[in-house]
Amino acid sequence: MHDKSIELLNKAIGDELAAIHQYMYFHFRLDDLGYTPLSNLLKQTAIQEMGHAETIAERILFLGGEVEMAASTPVEKIHEAEAMLEKAKAMEQESIGDYNRFAIECAQNADSASKKLFEDLVAAEEAHFDQFDRQAQFVERFGERYLALQSFQGRGGEEPPA
């Protein structure tokens, strides 16, 4: 009866797992570059995506389905902060579009709870997009200076070396 919802929810699980992996990769790379605040943003976003995956999995199990734990895409090895933010924005945009379509499809199949879950995910992904977009605007506006300042912020509040 809820086969279509389970299929859509499992697509969403795959996308959330891909986002978790990608954002954690970005977190590691940015941390290595000394961009601690930006690194922490990606880490926190990955943790939020884990919460999304858990909520989706609970819904799949409630509907009597099997949770497919396979990321939808492999991690892209991106090393520049600006390109990472662009990739993150694109991933969030794709999720927003997918989850809006999935909500409509669940409504058409008389599954209001899954529809609401997808609507809630849209709001969360829009917030992620906004954070990444704001950071990308700062990088575009201030360039390497913005990223360089982050390296000092990540050193426990120390003053920049003289």
# chains A, B, ... in the order shown; residues from 1 in each chain; ligands from 1
>>> select_by_dssp(residues="chain A", states="helix (DSSP H, G or I)", output="ChimeraX atom specification")
/A:3-33,36-62,81-108,112-142,144-153
>>> residues_around(residues="Cys106 (chain A)", least_positions_apart="4", cutoff="12 Å", atoms="only C-alpha atoms", output="count of residues only")
23
>>> closest_residue(among="A:Gly64, A:His21, A:Tyr35, A:Phe28", to="Ala148 (chain A)", atoms="only C-alpha atoms")
A:Tyr35
>>> closest_residue(among="A:Leu63, A:Ala136, A:Ala57, A:Ile104", to="Met84 (chain A)", atoms="only C-alpha atoms")
A:Ala136
>>> residues_around(residues="Lys77 (chain A)", least_positions_apart="6", cutoff="10 Å", atoms="only C-alpha atoms", output="list in words")
Gln22, Tyr25, Phe26, Arg29 and Met84 of chain A
>>> write_last_selection(atoms="C-alpha atoms", output="short mmCIF file (atom, residue, chain, number, x, y, z; two decimals), in the first residue's frame")
data_model
loop_
_atom_site.label_atom_id
_atom_site.label_comp_id
_atom_site.auth_asym_id
_atom_site.auth_seq_id
_atom_site.Cartn_x
_atom_site.Cartn_y
_atom_site.Cartn_z
CA GLN A 22 30.37 14.71 1.38
CA TYR A 25 34.87 15.03 3.77
CA PHE A 26 34.62 18.81 3.42
CA ARG A 29 39.65 19.06 4.36
CA MET A 84 33.10 23.05 -1.65
#
>>> residues_around(residues="Glu144 (chain A)", least_positions_apart="5", cutoff="12 Å", atoms="only C-alpha atoms", output="CSV table (one decimal) with N, CA and C atoms, in the first residue's frame")
chain,number,residue,atom,x,y,z
A,35,TYR,N,40.6,26.3,8.4
A,35,TYR,CA,39.4,27.0,8.3
A,35,TYR,C,38.4,26.5,9.3
A,80,GLU,N,39.2,23.1,-2.7
A,80,GLU,CA,39.1,24.5,-2.6
A,80,GLU,C,37.8,24.9,-1.8
A,81,ALA,N,37.9,25.7,-0.9
A,81,ALA,CA,36.7,26.1,0.0
A,81,ALA,C,35.6,26.6,-0.9
A,82,GLU,N,35.9,27.5,-1.9
A,82,GLU,CA,34.8,28.1,-2.7
A,82,GLU,C,34.1,27.0,-3.5
A,136,ALA,N,29.4,31.5,0.9
A,136,ALA,CA,29.9,31.7,-0.5
A,136,ALA,C,30.0,33.1,-0.8
A,138,PHE,N,30.4,35.6,1.3
A,138,PHE,CA,31.5,36.2,2.0
A,138,PHE,C,32.9,35.9,1.3
A,139,VAL,N,33.0,34.6,0.8
A,139,VAL,CA,34.2,34.3,0.2
A,139,VAL,C,34.4,35.1,-1.1
A,149,LEU,N,41.3,34.8,7.8
A,149,LEU,CA,40.8,35.2,9.1
A,149,LEU,C,40.3,34.0,9.9
A,150,GLN,N,39.7,33.1,9.1
A,150,GLN,CA,39.1,31.9,9.8
A,150,GLN,C,40.2,31.0,10.4
A,151,SER,N,41.4,31.0,9.8
A,151,SER,CA,42.5,30.2,10.4
A,151,SER,C,42.9,30.8,11.7
>>> atom_distance(atom1="CA of Gln137 (chain A)", atom2="CA of Val122 (chain A)")
22.1 Å
>>> residues_around(residues="Met91 (chain A)", least_positions_apart="3", cutoff="10 Å", atoms="only C-alpha atoms", output="PyMOL selection string")
chain A and resi 15-16+18-19+22+85-88+94-96+125+128-129
>>> write_last_selection(atoms="N, CA and C atoms", output="mmCIF file, in the first residue's frame")
data_model
loop_
_atom_site.group_PDB
_atom_site.id
_atom_site.type_symbol
_atom_site.label_atom_id
_atom_site.label_comp_id
_atom_site.auth_asym_id
_atom_site.auth_seq_id
_atom_site.Cartn_x
_atom_site.Cartn_y
_atom_site.Cartn_z
ATOM 1 N N ASP A 15 20.237 10.037 -0.512
ATOM 2 C CA ASP A 15 20.709 11.416 -0.663
ATOM 3 C C ASP A 15 21.262 11.962 0.651
ATOM 4 N N GLU A 16 20.602 11.655 1.747
ATOM 5 C CA GLU A 16 21.086 12.117 3.056
ATOM 6 C C GLU A 16 22.433 11.476 3.391
ATOM 7 N N ALA A 18 24.653 10.403 1.245
ATOM 8 C CA ALA A 18 25.636 11.043 0.360
ATOM 9 C C ALA A 18 26.034 12.410 0.916
ATOM 10 N N ALA A 19 25.066 13.167 1.406
ATOM 11 C CA ALA A 19 25.354 14.489 1.967
ATOM 12 C C ALA A 19 26.222 14.364 3.220
ATOM 13 N N GLN A 22 29.745 13.574 2.061
ATOM 14 C CA GLN A 22 30.368 14.711 1.379
ATOM 15 C C GLN A 22 30.715 15.802 2.378
ATOM 16 N N LEU A 85 31.743 25.001 -1.189
ATOM 17 C CA LEU A 85 30.487 25.703 -0.918
ATOM 18 C C LEU A 85 29.544 25.636 -2.114
ATOM 19 N N GLU A 86 30.079 25.746 -3.305
ATOM 20 C CA GLU A 86 29.237 25.634 -4.495
ATOM 21 C C GLU A 86 28.635 24.230 -4.595
ATOM 22 N N LYS A 87 29.426 23.216 -4.319
ATOM 23 C CA LYS A 87 28.929 21.827 -4.344
ATOM 24 C C LYS A 87 27.851 21.644 -3.272
ATOM 25 N N ALA A 88 28.088 22.155 -2.080
ATOM 26 C CA ALA A 88 27.115 22.031 -0.991
ATOM 27 C C ALA A 88 25.803 22.719 -1.364
ATOM 28 N N GLU A 94 19.262 20.497 -5.014
ATOM 29 C CA GLU A 94 18.716 19.252 -5.558
ATOM 30 C C GLU A 94 17.782 18.585 -4.554
ATOM 31 N N SER A 95 18.187 18.557 -3.289
ATOM 32 C CA SER A 95 17.332 17.955 -2.257
ATOM 33 C C SER A 95 16.024 18.720 -2.106
ATOM 34 N N ILE A 96 16.095 20.036 -2.143
ATOM 35 C CA ILE A 96 14.886 20.854 -2.024
ATOM 36 C C ILE A 96 13.909 20.500 -3.144
ATOM 37 N N GLU A 125 16.530 21.857 4.564
ATOM 38 C CA GLU A 125 17.503 21.959 3.469
ATOM 39 C C GLU A 125 17.596 23.393 2.968
ATOM 40 N N HIS A 128 19.961 25.063 5.275
ATOM 41 C CA HIS A 128 21.344 24.689 4.946
ATOM 42 C C HIS A 128 21.827 25.473 3.724
ATOM 43 N N PHE A 129 20.983 25.524 2.705
ATOM 44 C CA PHE A 129 21.349 26.272 1.495
ATOM 45 C C PHE A 129 21.674 27.713 1.851
#
>>> atom_distance(atom1="CA of Met50 (chain A)", atom2="CA of Ile13 (chain A)")
9.6 Å
>>> closest_residue(among="A:Asp133, A:Glu105, A:Glu66, A:Asp120", to="Gln93 (chain A)", atoms="only C-alpha atoms")
A:Asp133
>>> decode(residues="region 106-123 of chain A", atoms="N, CA and C atoms", output="PDB file, in the first residue's frame")
ATOM      1  N   CYS A 106       3.598  11.891  -2.314  1.00  0.00           N
ATOM      2  CA  CYS A 106       3.046  11.232  -1.128  1.00  0.00           C
ATOM      3  C   CYS A 106       1.605  11.700  -0.887  1.00  0.00           C
ATOM      4  N   ALA A 107       1.343  12.976  -1.100  1.00  0.00           N
ATOM      5  CA  ALA A 107      -0.016  13.496  -0.942  1.00  0.00           C
ATOM      6  C   ALA A 107      -0.959  12.818  -1.921  1.00  0.00           C
ATOM      7  N   GLN A 108      -0.493  12.619  -3.158  1.00  0.00           N
ATOM      8  CA  GLN A 108      -1.323  11.969  -4.172  1.00  0.00           C
ATOM      9  C   GLN A 108      -1.602  10.509  -3.827  1.00  0.00           C
ATOM     10  N   ASN A 109      -0.729   9.910  -2.996  1.00  0.00           N
ATOM     11  CA  ASN A 109      -0.910   8.514  -2.572  1.00  0.00           C
ATOM     12  C   ASN A 109      -1.507   8.407  -1.171  1.00  0.00           C
ATOM     13  N   ALA A 110      -2.131   9.491  -0.706  1.00  0.00           N
ATOM     14  CA  ALA A 110      -2.814   9.520   0.586  1.00  0.00           C
ATOM     15  C   ALA A 110      -1.900   9.125   1.743  1.00  0.00           C
ATOM     16  N   ASP A 111      -0.661   9.660   1.737  1.00  0.00           N
ATOM     17  CA  ASP A 111       0.290   9.429   2.825  1.00  0.00           C
ATOM     18  C   ASP A 111       0.707  10.789   3.385  1.00  0.00           C
ATOM     19  N   SER A 112      -0.178  11.341   4.221  1.00  0.00           N
ATOM     20  CA  SER A 112       0.027  12.680   4.758  1.00  0.00           C
ATOM     21  C   SER A 112       1.243  12.785   5.670  1.00  0.00           C
ATOM     22  N   ALA A 113       1.536  11.736   6.432  1.00  0.00           N
ATOM     23  CA  ALA A 113       2.679  11.785   7.356  1.00  0.00           C
ATOM     24  C   ALA A 113       4.002  11.862   6.587  1.00  0.00           C
ATOM     25  N   SER A 114       4.137  11.082   5.521  1.00  0.00           N
ATOM     26  CA  SER A 114       5.356  11.159   4.713  1.00  0.00           C
ATOM     27  C   SER A 114       5.425  12.502   3.996  1.00  0.00           C
ATOM     28  N   LYS A 115       4.270  13.012   3.549  1.00  0.00           N
ATOM     29  CA  LYS A 115       4.226  14.331   2.913  1.00  0.00           C
ATOM     30  C   LYS A 115       4.757  15.379   3.873  1.00  0.00           C
ATOM     31  N   LYS A 116       4.300  15.362   5.119  1.00  0.00           N
ATOM     32  CA  LYS A 116       4.754  16.329   6.118  1.00  0.00           C
ATOM     33  C   LYS A 116       6.237  16.161   6.400  1.00  0.00           C
ATOM     34  N   LEU A 117       6.720  14.934   6.472  1.00  0.00           N
ATOM     35  CA  LEU A 117       8.146  14.690   6.695  1.00  0.00           C
ATOM     36  C   LEU A 117       8.962  15.359   5.595  1.00  0.00           C
ATOM     37  N   PHE A 118       8.552  15.167   4.339  1.00  0.00           N
ATOM     38  CA  PHE A 118       9.282  15.786   3.229  1.00  0.00           C
ATOM     39  C   PHE A 118       9.187  17.311   3.274  1.00  0.00           C
ATOM     40  N   GLU A 119       8.036  17.840   3.661  1.00  0.00           N
ATOM     41  CA  GLU A 119       7.901  19.294   3.773  1.00  0.00           C
ATOM     42  C   GLU A 119       8.844  19.840   4.851  1.00  0.00           C
ATOM     43  N   ASP A 120       8.949  19.120   5.973  1.00  0.00           N
ATOM     44  CA  ASP A 120       9.872  19.529   7.033  1.00  0.00           C
ATOM     45  C   ASP A 120      11.322  19.467   6.548  1.00  0.00           C
ATOM     46  N   LEU A 121      11.634  18.454   5.759  1.00  0.00           N
ATOM     47  CA  LEU A 121      12.989  18.335   5.206  1.00  0.00           C
ATOM     48  C   LEU A 121      13.296  19.485   4.248  1.00  0.00           C
ATOM     49  N   VAL A 122      12.299  19.902   3.470  1.00  0.00           N
ATOM     50  CA  VAL A 122      12.496  21.040   2.561  1.00  0.00           C
ATOM     51  C   VAL A 122      12.920  22.267   3.370  1.00  0.00           C
ATOM     52  N   ALA A 123      12.228  22.532   4.461  1.00  0.00           N
ATOM     53  CA  ALA A 123      12.558  23.702   5.282  1.00  0.00           C
ATOM     54  C   ALA A 123      13.983  23.602   5.835  1.00  0.00           C
TER      55      ALA A 123
END
